[in-house]
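Asks: model_33.pdb (PDB, C-alpha atoms, pLDDT in the B column) pasted underneath:
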```pdb
ATOM      1  CA  MET A 191      63.384 113.737  69.852  1.00 56.00           C
ATOM      2  CA  SER A 192      66.756 113.895  68.162  1.00 82.00           C
ATOM      3  CA  ARG A 193      68.329 114.552  71.522  1.00 86.00           C
ATOM      4  CA  GLU A 194      67.196 111.135  72.710  1.00 88.00           C
ATOM      5  CA  MET A 195      68.386 109.627  69.439  1.00 91.00           C
ATOM      6  CA  ALA A 196      71.805 111.174  69.905  1.00 93.00           C
ATOM      7  CA  LEU A 197      72.041 109.846  73.454  1.00 93.00           C
ATOM      8  CA  ALA A 198      70.937 106.400  72.305  1.00 93.00           C
ATOM      9  CA  ALA A 199      73.563 106.509  69.551  1.00 95.00           C
ATOM     10  CA  TYR A 200      76.192 107.486  72.106  1.00 95.00           C
ATOM     11  CA  ARG A 201      75.147 104.598  74.315  1.00 95.00           C
ATOM     12  CA  HIS A 202      75.283 102.131  71.425  1.00 95.00           C
ATOM     13  CA  LEU A 203      78.699 103.418  70.493  1.00 96.00           C
ATOM     14  CA  LEU A 204      80.046 103.004  74.035  1.00 95.00           C
ATOM     15  CA  ARG A 205      78.564  99.529  74.187  1.00 94.00           C
ATOM     16  CA  SER A 206      80.196  98.592  70.889  1.00 95.00           C
ATOM     17  CA  THR A 207      83.592  99.786  72.069  1.00 95.00           C
ATOM     18  CA  ARG A 208      83.182  97.524  75.065  1.00 93.00           C
ATOM     19  CA  ILE A 209      82.454  94.553  72.830  1.00 93.00           C
ATOM     20  CA  ALA A 210      85.217  95.318  70.325  1.00 94.00           C
ATOM     21  CA  PHE A 211      87.977  96.269  72.756  1.00 94.00           C
ATOM     22  CA  GLN A 212      87.153  94.231  75.825  1.00 90.00           C
ATOM     23  CA  GLY A 213      90.315  93.599  77.800  1.00 88.00           C
ATOM     24  CA  ASP A 214      92.342  96.228  75.924  1.00 92.00           C
ATOM     25  CA  ILE A 215      92.055  99.218  78.208  1.00 93.00           C
ATOM     26  CA  PRO A 216      94.251 101.742  76.303  1.00 95.00           C
ATOM     27  CA  THR A 217      92.387 101.182  73.031  1.00 95.00           C
ATOM     28  CA  LEU A 218      89.041 101.166  74.796  1.00 95.00           C
ATOM     29  CA  LEU A 219      89.764 104.482  76.488  1.00 94.00           C
ATOM     30  CA  ALA A 220      91.057 105.992  73.260  1.00 96.00           C
ATOM     31  CA  ALA A 221      87.950 104.887  71.372  1.00 96.00           C
ATOM     32  CA  ARG A 222      85.677 106.330  74.036  1.00 94.00           C
ATOM     33  CA  HIS A 223      87.627 109.550  74.112  1.00 95.00           C
ATOM     34  CA  GLU A 224      87.275 109.873  70.364  1.00 96.00           C
ATOM     35  CA  ALA A 225      83.539 109.187  70.554  1.00 96.00           C
ATOM     36  CA  ARG A 226      83.102 111.815  73.221  1.00 95.00           C
ATOM     37  CA  LYS A 227      85.162 114.326  71.256  1.00 95.00           C
ATOM     38  CA  ASN A 228      82.996 113.937  68.168  1.00 95.00           C
ATOM     39  CA  PHE A 229      79.772 114.192  70.130  1.00 95.00           C
ATOM     40  CA  GLU A 230      81.063 117.342  71.817  1.00 94.00           C
ATOM     41  CA  TYR A 231      82.007 118.748  68.438  1.00 94.00           C
ATOM     42  CA  ASN A 232      78.474 118.240  67.130  1.00 93.00           C
ATOM     43  CA  ARG A 233      76.764 119.359  70.304  1.00 91.00           C
ATOM     44  CA  GLY A 234      75.537 122.625  68.805  1.00 89.00           C
ATOM     45  CA  LEU A 235      73.736 121.175  65.797  1.00 90.00           C
ATOM     46  CA  ALA A 236      70.134 122.328  65.515  1.00 90.00           C
ATOM     47  CA  THR A 237      67.393 119.868  66.476  1.00 88.00           C
ATOM     48  CA  GLY A 238      65.789 118.387  63.385  1.00 87.00           C
ATOM     49  CA  SER A 239      68.528 119.533  60.989  1.00 90.00           C
ATOM     50  CA  ASP A 240      69.777 117.222  58.244  1.00 92.00           C
ATOM     51  CA  GLU A 241      73.313 117.586  59.526  1.00 92.00           C
ATOM     52  CA  LEU A 242      72.251 116.244  62.924  1.00 93.00           C
ATOM     53  CA  SER A 243      70.476 113.192  61.559  1.00 92.00           C
ATOM     54  CA  GLN A 244      73.475 112.513  59.311  1.00 94.00           C
ATOM     55  CA  GLN A 245      75.810 112.619  62.287  1.00 94.00           C
ATOM     56  CA  ILE A 246      73.535 110.348  64.321  1.00 94.00           C
ATOM     57  CA  THR A 247      73.377 107.870  61.441  1.00 95.00           C
ATOM     58  CA  HIS A 248      77.153 108.045  61.201  1.00 95.00           C
ATOM     59  CA  ALA A 249      77.516 107.282  64.910  1.00 95.00           C
ATOM     60  CA  GLU A 250      75.169 104.302  64.618  1.00 95.00           C
ATOM     61  CA  GLU A 251      77.114 103.012  61.618  1.00 96.00           C
ATOM     62  CA  VAL A 252      80.383 103.302  63.486  1.00 96.00           C
ATOM     63  CA  ALA A 253      78.810 101.449  66.410  1.00 96.00           C
ATOM     64  CA  ASN A 254      77.674  98.632  64.112  1.00 95.00           C
ATOM     65  CA  PHE A 255      81.043  98.477  62.405  1.00 95.00           C
ATOM     66  CA  LEU A 256      82.927  98.228  65.687  1.00 95.00           C
ATOM     67  CA  ARG A 257      80.613  95.527  66.920  1.00 94.00           C
ATOM     68  CA  GLU A 258      80.461  93.391  63.800  1.00 93.00           C
ATOM     69  CA  ASN A 259      83.580  94.040  61.766  1.00 93.00           C
ATOM     70  CA  VAL A 260      86.379  94.583  64.258  1.00 94.00           C
ATOM     71  CA  VAL A 261      88.140  91.725  66.012  1.00 93.00           C
ATOM     72  CA  GLN A 262      91.276  91.907  68.073  1.00 94.00           C
ATOM     73  CA  GLY A 263      93.968  89.272  68.168  1.00 93.00           C
ATOM     74  CA  GLN A 264      96.843  88.381  70.444  1.00 91.00           C
ATOM     75  CA  PRO A 265      99.836  86.186  69.650  1.00 93.00           C
ATOM     76  CA  ASP A 266     100.119  83.067  71.783  1.00 92.00           C
ATOM     77  CA  GLU A 267     103.436  81.529  72.867  1.00 93.00           C
ATOM     78  CA  THR A 268     104.012  79.926  69.440  1.00 94.00           C
ATOM     79  CA  GLY A 269     103.576  83.296  67.726  1.00 91.00           C
ATOM     80  CA  LYS A 270     100.213  82.466  66.169  1.00 94.00           C
ATOM     81  CA  TYR A 271      97.605  85.143  66.539  1.00 93.00           C
ATOM     82  CA  LYS A 272      94.469  84.107  68.308  1.00 92.00           C
ATOM     83  CA  LEU A 273      91.488  86.224  67.301  1.00 93.00           C
ATOM     84  CA  ARG A 274      88.771  87.032  69.745  1.00 92.00           C
ATOM     85  CA  ILE A 275      85.775  86.416  67.499  1.00 92.00           C
ATOM     86  CA  HIS A 276      82.600  86.964  69.465  1.00 92.00           C
ATOM     87  CA  GLU A 277      78.897  86.367  69.001  1.00 92.00           C
ATOM     88  CA  HIS A 278      78.353  89.737  67.305  1.00 92.00           C
ATOM     89  CA  THR A 279      81.098  89.357  64.719  1.00 92.00           C
ATOM     90  CA  GLU A 280      79.733  89.312  61.175  1.00 89.00           C
ATOM     91  CA  ARG A 281      80.377  85.948  59.600  1.00 86.00           C
ATOM     92  CA  GLY A 282      79.758  85.931  55.877  1.00 79.00           C
ATOM     93  CA  ASP A 283      80.504  83.198  53.380  1.00 78.00           C
ATOM     94  CA  ASN A 284      80.690  83.066  49.589  1.00 77.00           C
ATOM     95  CA  GLU A 285      76.971  82.485  49.225  1.00 77.00           C
ATOM     96  CA  ASP A 286      76.192  85.626  51.217  1.00 70.00           C
ATOM     97  CA  ILE A 287      78.423  87.674  48.981  1.00 69.00           C
ATOM     98  CA  LYS A 288      76.653  86.425  45.831  1.00 72.00           C
ATOM     99  CA  LYS A 289      73.266  87.201  47.262  1.00 71.00           C
ATOM    100  CA  GLY A 290      74.140  90.594  48.662  1.00 61.00           C
ATOM    101  CA  LYS A 291      71.248  90.739  51.049  1.00 55.00           C
ATOM    102  CA  GLY A 292      71.950  94.276  52.056  1.00 58.00           C
ATOM    103  CA  ASN A 293      72.377  93.671  55.732  1.00 57.00           C
ATOM    104  CA  THR A 294      76.038  92.826  55.338  1.00 55.00           C
ATOM    105  CA  LEU A 295      78.799  95.008  54.026  1.00 58.00           C
ATOM    106  CA  ALA A 296      79.335  92.579  51.161  1.00 54.00           C
ATOM    107  CA  GLY A 297      77.174  93.350  48.152  1.00 50.00           C
ATOM    108  CA  THR A 298      76.208  96.838  49.250  1.00 51.00           C
ATOM    109  CA  LYS A 299      77.892 100.080  48.577  1.00 54.00           C
ATOM    110  CA  CYS A 300      80.050 101.003  51.479  1.00 54.00           C
ATOM    111  CA  CYS A 301      79.328 103.991  53.712  1.00 58.00           C
ATOM    112  CA  ALA A 302      76.319 105.271  51.740  1.00 52.00           C
ATOM    113  CA  SER A 303      78.545 106.611  48.972  1.00 47.00           C
TER     114      SER A 303
ATOM    115  CA  MET B 188      86.819  94.498 130.514  1.00 57.00           C
ATOM    116  CA  PHE B 189      86.807  91.392 128.386  1.00 63.00           C
ATOM    117  CA  ARG B 190      83.143  91.835 127.628  1.00 67.00           C
ATOM    118  CA  THR B 191      83.506  95.394 126.322  1.00 69.00           C
ATOM    119  CA  ALA B 192      86.348  94.321 124.066  1.00 70.00           C
ATOM    120  CA  LEU B 193      84.233  91.490 122.736  1.00 64.00           C
ATOM    121  CA  LEU B 194      81.305  93.791 122.125  1.00 68.00           C
ATOM    122  CA  ARG B 195      83.467  96.314 120.358  1.00 73.00           C
ATOM    123  CA  SER B 196      84.966  93.775 118.010  1.00 71.00           C
ATOM    124  CA  ALA B 197      81.530  92.324 117.288  1.00 68.00           C
ATOM    125  CA  ARG B 198      80.226  95.771 116.447  1.00 69.00           C
ATOM    126  CA  GLN B 199      83.127  96.391 114.116  1.00 67.00           C
ATOM    127  CA  ALA B 200      82.568  93.099 112.380  1.00 63.00           C
ATOM    128  CA  ILE B 201      78.922  93.992 111.789  1.00 62.00           C
ATOM    129  CA  ARG B 202      79.819  97.375 110.418  1.00 60.00           C
ATOM    130  CA  ALA B 203      82.376  95.868 108.073  1.00 55.00           C
ATOM    131  CA  ALA B 204      80.148  93.038 106.894  1.00 54.00           C
ATOM    132  CA  PRO B 205      77.962  94.582 104.203  1.00 51.00           C
ATOM    133  CA  ARG B 206      80.880  96.266 102.471  1.00 49.00           C
ATOM    134  CA  CYS B 207      83.317  93.402 102.466  1.00 44.00           C
ATOM    135  CA  GLN B 208      81.838  91.720  99.406  1.00 45.00           C
ATOM    136  CA  ALA B 209      82.181  94.665  97.116  1.00 46.00           C
ATOM    137  CA  PRO B 210      85.935  94.718  96.464  1.00 47.00           C
ATOM    138  CA  ILE B 211      86.013  90.986  95.843  1.00 48.00           C
ATOM    139  CA  ALA B 212      83.390  91.159  93.145  1.00 48.00           C
ATOM    140  CA  ARG B 213      85.170  93.889  91.247  1.00 49.00           C
ATOM    141  CA  PRO B 214      87.503  93.419  88.329  1.00 49.00           C
ATOM    142  CA  VAL B 215      91.098  93.549  89.483  1.00 47.00           C
ATOM    143  CA  VAL B 216      92.357  96.193  87.080  1.00 48.00           C
ATOM    144  CA  ARG B 217      89.923  98.749  88.359  1.00 47.00           C
ATOM    145  CA  SER B 218      91.750  99.856  91.422  1.00 43.00           C
ATOM    146  CA  SER B 219      95.273 100.973  90.746  1.00 42.00           C
ATOM    147  CA  MET B 220      96.490 103.107  87.914  1.00 45.00           C
ATOM    148  CA  PHE B 221      93.586 104.948  86.320  1.00 45.00           C
ATOM    149  CA  GLN B 222      91.408 105.590  89.282  1.00 45.00           C
ATOM    150  CA  ALA B 223      91.629 109.335  89.616  1.00 47.00           C
ATOM    151  CA  LYS B 224      91.269 110.122  85.937  1.00 50.00           C
ATOM    152  CA  GLN B 225      87.926 108.819  84.830  1.00 58.00           C
ATOM    153  CA  ILE B 226      85.625 105.860  84.916  1.00 61.00           C
ATOM    154  CA  VAL B 227      87.682 102.936  83.816  1.00 60.00           C
ATOM    155  CA  PRO B 228      85.694 100.356  81.938  1.00 61.00           C
ATOM    156  CA  ALA B 229      86.006  96.896  83.371  1.00 57.00           C
ATOM    157  CA  ALA B 230      88.495  94.930  81.350  1.00 53.00           C
ATOM    158  CA  ARG B 231      86.686  91.639  81.475  1.00 52.00           C
ATOM    159  CA  PHE B 232      83.512  92.639  83.026  1.00 56.00           C
ATOM    160  CA  GLN B 233      81.987  89.213  83.288  1.00 54.00           C
ATOM    161  CA  ALA B 234      85.094  87.259  84.027  1.00 52.00           C
ATOM    162  CA  VAL B 235      85.217  87.860  87.751  1.00 56.00           C
ATOM    163  CA  ARG B 236      82.163  86.618  89.530  1.00 58.00           C
ATOM    164  CA  CYS B 237      81.747  86.128  93.162  1.00 58.00           C
ATOM    165  CA  TYR B 238      79.806  82.915  93.353  1.00 58.00           C
ATOM    166  CA  SER B 239      80.230  82.680  97.072  1.00 57.00           C
ATOM    167  CA  ALA B 240      78.331  85.928  97.619  1.00 52.00           C
ATOM    168  CA  SER B 241      74.915  85.483  99.119  1.00 51.00           C
ATOM    169  CA  ALA B 242      71.973  85.807  96.760  1.00 55.00           C
ATOM    170  CA  GLY B 243      70.914  89.346  96.009  1.00 71.00           C
ATOM    171  CA  LEU B 244      72.489  92.685  96.843  1.00 80.00           C
ATOM    172  CA  THR B 245      71.640  94.864  99.781  1.00 87.00           C
ATOM    173  CA  LYS B 246      70.568  98.453  99.258  1.00 87.00           C
ATOM    174  CA  ASP B 247      73.582  99.763 101.208  1.00 89.00           C
ATOM    175  CA  GLU B 248      76.007  97.795  99.108  1.00 90.00           C
ATOM    176  CA  VAL B 249      74.484  98.897  95.801  1.00 91.00           C
ATOM    177  CA  GLU B 250      74.411 102.507  96.935  1.00 91.00           C
ATOM    178  CA  GLY B 251      78.002 102.304  98.177  1.00 91.00           C
ATOM    179  CA  ARG B 252      79.277 100.911  94.896  1.00 92.00           C
ATOM    180  CA  ILE B 253      77.437 103.525  92.838  1.00 91.00           C
ATOM    181  CA  MET B 254      78.738 106.313  95.071  1.00 91.00           C
ATOM    182  CA  ASP B 255      82.306 105.002  94.810  1.00 90.00           C
ATOM    183  CA  LEU B 256      81.953 105.003  91.073  1.00 91.00           C
ATOM    184  CA  LEU B 257      80.686 108.585  91.028  1.00 91.00           C
ATOM    185  CA  LYS B 258      83.412 109.698  93.423  1.00 88.00           C
ATOM    186  CA  ASN B 259      86.001 108.579  90.900  1.00 87.00           C
ATOM    187  CA  PHE B 260      84.254 110.289  88.002  1.00 88.00           C
ATOM    188  CA  ASP B 261      86.215 113.475  87.377  1.00 83.00           C
ATOM    189  CA  LYS B 262      83.290 115.389  85.907  1.00 84.00           C
ATOM    190  CA  VAL B 263      81.392 115.473  89.168  1.00 83.00           C
ATOM    191  CA  THR B 264      81.905 119.139  90.018  1.00 76.00           C
ATOM    192  CA  GLU B 265      80.516 119.177  93.527  1.00 77.00           C
ATOM    193  CA  PRO B 266      81.455 115.927  95.275  1.00 76.00           C
ATOM    194  CA  GLU B 267      80.091 117.203  98.581  1.00 80.00           C
ATOM    195  CA  LYS B 268      76.594 117.064  97.105  1.00 81.00           C
ATOM    196  CA  LEU B 269      76.962 113.365  96.460  1.00 85.00           C
ATOM    197  CA  ASN B 270      74.422 111.403  98.480  1.00 85.00           C
ATOM    198  CA  GLY B 271      71.804 108.720  98.056  1.00 84.00           C
ATOM    199  CA  GLU B 272      69.303 111.170  96.579  1.00 87.00           C
ATOM    200  CA  ALA B 273      71.628 113.162  94.314  1.00 89.00           C
ATOM    201  CA  HIS B 274      70.395 114.023  90.836  1.00 91.00           C
ATOM    202  CA  PHE B 275      73.060 113.600  88.143  1.00 91.00           C
ATOM    203  CA  HIS B 276      72.298 116.863  86.393  1.00 90.00           C
ATOM    204  CA  ASN B 277      70.821 119.158  89.044  1.00 89.00           C
ATOM    205  CA  ASP B 278      73.123 118.212  91.943  1.00 89.00           C
ATOM    206  CA  LEU B 279      76.263 116.808  90.393  1.00 90.00           C
ATOM    207  CA  GLY B 280      76.449 119.057  87.335  1.00 88.00           C
ATOM    208  CA  LEU B 281      76.683 116.234  84.801  1.00 91.00           C
ATOM    209  CA  ASP B 282      75.405 116.797  81.258  1.00 91.00           C
ATOM    210  CA  SER B 283      73.416 114.288  79.236  1.00 91.00           C
ATOM    211  CA  LEU B 284      76.473 112.611  77.706  1.00 93.00           C
ATOM    212  CA  ASP B 285      78.049 112.255  81.155  1.00 93.00           C
ATOM    213  CA  THR B 286      74.839 110.662  82.369  1.00 94.00           C
ATOM    214  CA  VAL B 287      75.047 108.099  79.573  1.00 94.00           C
ATOM    215  CA  GLU B 288      78.632 107.364  80.625  1.00 94.00           C
ATOM    216  CA  VAL B 289      77.624 106.971  84.269  1.00 94.00           C
ATOM    217  CA  VAL B 290      74.796 104.588  83.403  1.00 94.00           C
ATOM    218  CA  MET B 291      77.209 102.639  81.205  1.00 93.00           C
ATOM    219  CA  ALA B 292      79.695 102.444  84.081  1.00 92.00           C
ATOM    220  CA  ILE B 293      76.912 101.207  86.364  1.00 93.00           C
ATOM    221  CA  GLU B 294      76.133  98.491  83.804  1.00 92.00           C
ATOM    222  CA  GLU B 295      79.762  97.420  83.834  1.00 90.00           C
ATOM    223  CA  GLU B 296      79.989  97.547  87.604  1.00 91.00           C
ATOM    224  CA  PHE B 297      77.029  95.212  88.064  1.00 91.00           C
ATOM    225  CA  SER B 298      77.579  93.145  84.903  1.00 89.00           C
ATOM    226  CA  ILE B 299      74.157  93.776  83.435  1.00 90.00           C
ATOM    227  CA  GLU B 300      72.820  95.394  80.297  1.00 90.00           C
ATOM    228  CA  ILE B 301      70.193  98.066  80.790  1.00 92.00           C
ATOM    229  CA  PRO B 302      67.771  98.445  77.858  1.00 92.00           C
ATOM    230  CA  ASP B 303      67.667 101.897  76.235  1.00 90.00           C
ATOM    231  CA  LYS B 304      64.263 102.852  77.583  1.00 90.00           C
ATOM    232  CA  GLU B 305      65.124 102.105  81.177  1.00 91.00           C
ATOM    233  CA  ALA B 306      68.591 103.611  80.845  1.00 92.00           C
ATOM    234  CA  ASP B 307      67.055 106.882  79.649  1.00 91.00           C
ATOM    235  CA  ALA B 308      64.924 107.002  82.772  1.00 92.00           C
ATOM    236  CA  ILE B 309      67.859 106.859  85.194  1.00 93.00           C
ATOM    237  CA  HIS B 310      68.734 110.399  86.258  1.00 93.00           C
ATOM    238  CA  SER B 311      69.660 110.079  89.911  1.00 92.00           C
ATOM    239  CA  VAL B 312      71.524 107.852  92.343  1.00 93.00           C
ATOM    240  CA  LYS B 313      68.237 106.730  93.865  1.00 93.00           C
ATOM    241  CA  GLN B 314      66.761 105.680  90.516  1.00 93.00           C
ATOM    242  CA  ALA B 315      69.925 103.757  89.719  1.00 93.00           C
ATOM    243  CA  VAL B 316      69.877 101.975  93.091  1.00 93.00           C
ATOM    244  CA  ASP B 317      66.202 101.068  92.697  1.00 92.00           C
ATOM    245  CA  TYR B 318      66.792  99.754  89.205  1.00 93.00           C
ATOM    246  CA  ILE B 319      69.750  97.593  90.255  1.00 92.00           C
ATOM    247  CA  LEU B 320      67.855  96.202  93.235  1.00 91.00           C
ATOM    248  CA  ALA B 321      65.030  95.160  90.896  1.00 90.00           C
ATOM    249  CA  GLN B 322      67.455  93.177  88.717  1.00 87.00           C
ATOM    250  CA  PRO B 323      67.952  89.567  89.779  1.00 85.00           C
ATOM    251  CA  ASP B 324      71.024  89.275  87.489  1.00 82.00           C
ATOM    252  CA  ALA B 325      72.922  92.159  89.034  1.00 78.00           C
ATOM    253  CA  HIS B 326      75.902  91.183  91.104  1.00 75.00           C
TER     254      HIS B 326
END
```
Show me the file's structure as structure tokens.
Replies:
Amino acid sequence: MSREMALAAYRHLLRSTRIAFQGDIPTLLAARHEARKNFEYNRGLATGSDELSQQITHAEEVANFLRENVVQGQPDETGKYKLRIHEHTERGDNEDIKKGKGNTLAGTKCCAS
Amino acid sequence: MFRTALLRSARQAIRAAPRCQAPIARPVVRSSMFQAKQIVPAARFQAVRCYSASAGLTKDEVEGRIMDLLKNFDKVTEPEKLNGEAHFHNDLGLDSLDTVEVVMAIEEEFSIEIPDKEADAIHSVKQAVDYILAQPDAH
């Protein structure tokens, strides 16, 4: 079971890199290389171990972060940066922060610490 | 004399026809610099669409594009085993992570998103071709 979860996490991660770094081939390749490296590093973890589920959770969190909290920008001819904000980008406002619903980074403890 | 020449050129045109759409529909950056190294993700994978292409893809075209993609994937250890029936793991020597990468590259090639369940079920060239042919959005 965890094998499928790991593969699904890998797929989500690759998909997120595509969303976050679309059009920026060097960064996209670097991100994918890094993802692959970490999955290779954890390849030997025992099925059902805590360590494995932690690593899978970590991969899913990274995937979410890349998708929702990373935007790239490019300067136009006047020198102003134009951000590529896409449909998945997390858009919070002050009200969200006060409420702290838990599904945004605001109002929750970061990275399960 | 004239007739044989005519026939020959007609035959060539027919042979060339099903493949001629493929390069047009592809993102431009794909071809040049990275090709030999690994699967290069399409830079703007939905930006280039070939609206003039006829509706639907033929089996030969889909198979050709998937094979081209696998040919350029450096982890395929035995390229001579690559054919329409090849199994990613048993024939081509790809591991499970490679398979995920291949399926992802197929998604980018045809500008579709394959849901997790169906993506997990794709383990061979034939399964990939069948899946793409069943997708009306694939192009």
Asks: Evaluate the ChimeraX specification (/B :<8) & /A and record the selected residues as a PyMOL selection string, following the chain and residue labels used in the document.
Replies: chain A and resi 197-198+200-201+204-205+208+212-215+218-219
Asks: Given all atoms listed in the file as the basis, pick out the residue of A:Lys272, A:Arg281, A:Arg233, A:His223 nearest to Gln245 (chain A).
Replies: A:Arg233
Asks: Quick one: which region 257-300 of chain B residues come within 8 Å of region 308-320 of chain B, and what is the nearest atom pair for each with the distance in Å to one decimal, counting all atoms listed in the file, rows ordered by chain and ascending number, as CSV?
Replies:
```
residue,atom,partner,partner_atom,distance
B:Asn270,CA,B:Val312,CA,7.7
B:Gly271,CA,B:Val312,CA,5.8
B:Glu272,CA,B:Lys313,CA,5.3
B:Ala273,CA,B:Val312,CA,5.7
B:His274,CA,B:Ser311,CA,4.1
B:Phe275,CA,B:Ser311,CA,5.2
B:His276,CA,B:His310,CA,7.4
B:Thr286,CA,B:His310,CA,7.2
B:Val290,CA,B:Ile309,CA,7.5
B:Phe297,CA,B:Ile319,CA,8.0
```
Asks: Run through the PyMOL selection byres ((chain A and resi 206) around 12) on the given coordinates and return the selected residues as a PyMOL selection string.
Replies: (chain A and resi 199-205+207-212+218+221-222+225+249-261+276+278-279) or (chain B and resi 291)
Asks: For the residues in the current selection, export C-alpha atoms as a PDB file, keeping the file's coordinate frame.
Replies:
```
ATOM      1  CA  ALA A 199      73.563 106.509  69.551  1.00 95.00           C
ATOM      2  CA  TYR A 200      76.192 107.486  72.106  1.00 95.00           C
ATOM      3  CA  ARG A 201      75.147 104.598  74.315  1.00 95.00           C
ATOM      4  CA  HIS A 202      75.283 102.131  71.425  1.00 95.00           C
ATOM      5  CA  LEU A 203      78.699 103.418  70.493  1.00 96.00           C
ATOM      6  CA  LEU A 204      80.046 103.004  74.035  1.00 95.00           C
ATOM      7  CA  ARG A 205      78.564  99.529  74.187  1.00 94.00           C
ATOM      8  CA  THR A 207      83.592  99.786  72.069  1.00 95.00           C
ATOM      9  CA  ARG A 208      83.182  97.524  75.065  1.00 93.00           C
ATOM     10  CA  ILE A 209      82.454  94.553  72.830  1.00 93.00           C
ATOM     11  CA  ALA A 210      85.217  95.318  70.325  1.00 94.00           C
ATOM     12  CA  PHE A 211      87.977  96.269  72.756  1.00 94.00           C
ATOM     13  CA  GLN A 212      87.153  94.231  75.825  1.00 90.00           C
ATOM     14  CA  LEU A 218      89.041 101.166  74.796  1.00 95.00           C
ATOM     15  CA  ALA A 221      87.950 104.887  71.372  1.00 96.00           C
ATOM     16  CA  ARG A 222      85.677 106.330  74.036  1.00 94.00           C
ATOM     17  CA  ALA A 225      83.539 109.187  70.554  1.00 96.00           C
ATOM     18  CA  ALA A 249      77.516 107.282  64.910  1.00 95.00           C
ATOM     19  CA  GLU A 250      75.169 104.302  64.618  1.00 95.00           C
ATOM     20  CA  GLU A 251      77.114 103.012  61.618  1.00 96.00           C
ATOM     21  CA  VAL A 252      80.383 103.302  63.486  1.00 96.00           C
ATOM     22  CA  ALA A 253      78.810 101.449  66.410  1.00 96.00           C
ATOM     23  CA  ASN A 254      77.674  98.632  64.112  1.00 95.00           C
ATOM     24  CA  PHE A 255      81.043  98.477  62.405  1.00 95.00           C
ATOM     25  CA  LEU A 256      82.927  98.228  65.687  1.00 95.00           C
ATOM     26  CA  ARG A 257      80.613  95.527  66.920  1.00 94.00           C
ATOM     27  CA  GLU A 258      80.461  93.391  63.800  1.00 93.00           C
ATOM     28  CA  ASN A 259      83.580  94.040  61.766  1.00 93.00           C
ATOM     29  CA  VAL A 260      86.379  94.583  64.258  1.00 94.00           C
ATOM     30  CA  VAL A 261      88.140  91.725  66.012  1.00 93.00           C
ATOM     31  CA  HIS A 276      82.600  86.964  69.465  1.00 92.00           C
ATOM     32  CA  HIS A 278      78.353  89.737  67.305  1.00 92.00           C
ATOM     33  CA  THR A 279      81.098  89.357  64.719  1.00 92.00           C
TER      34      THR A 279
ATOM     35  CA  MET B 291      77.209 102.639  81.205  1.00 93.00           C
TER      36      MET B 291
END
```
Asks: For each of B:His326, B:Asp282, B:Ala192, B:Ile299, take the minimum atom-to-atom distance to Glu230 (chain A), counting only C-alpha atoms, then give the residue where this is smallest.
Replies: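 Going through B:His326, B:Asp282, B:Ala192, B:Ile299 one by one, the smallest distance to Glu230 (chain A) is for B:Asp282.
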Asks: Please indicate the distance in Å from CA of Asp283 (chain A) to CA of Tyr271 (chain A), rounded to one decimal place.
Replies: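 That distance, rounded to one decimal, is 21.7 Å.
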Asks: Could you tell me how far CA of Glu296 (chain B) lies from CA of Gly251 (chain B), in Å and to one decimal?
Replies: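 Taking CA of Glu296 (chain B) as the start and CA of Gly251 (chain B) as the end point, the length is 11.8 Å.
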Asks: Set the distance at 8 Å and use only C-alpha atoms: which residues neighbour Leu281 (chain B) once local chain neighbours fewer than 6 positions away are removed? I'd like the list as a list in words.
Replies: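 Listed by chain and then number, they are Lys262, Val263, Thr264 and Phe275 of chain B.
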Asks: Any idea what the distance is between CA of Glu305 (chain B) and CA of Val249 (chain B)?
Replies: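 These two atoms are separated by 17.7 Å.
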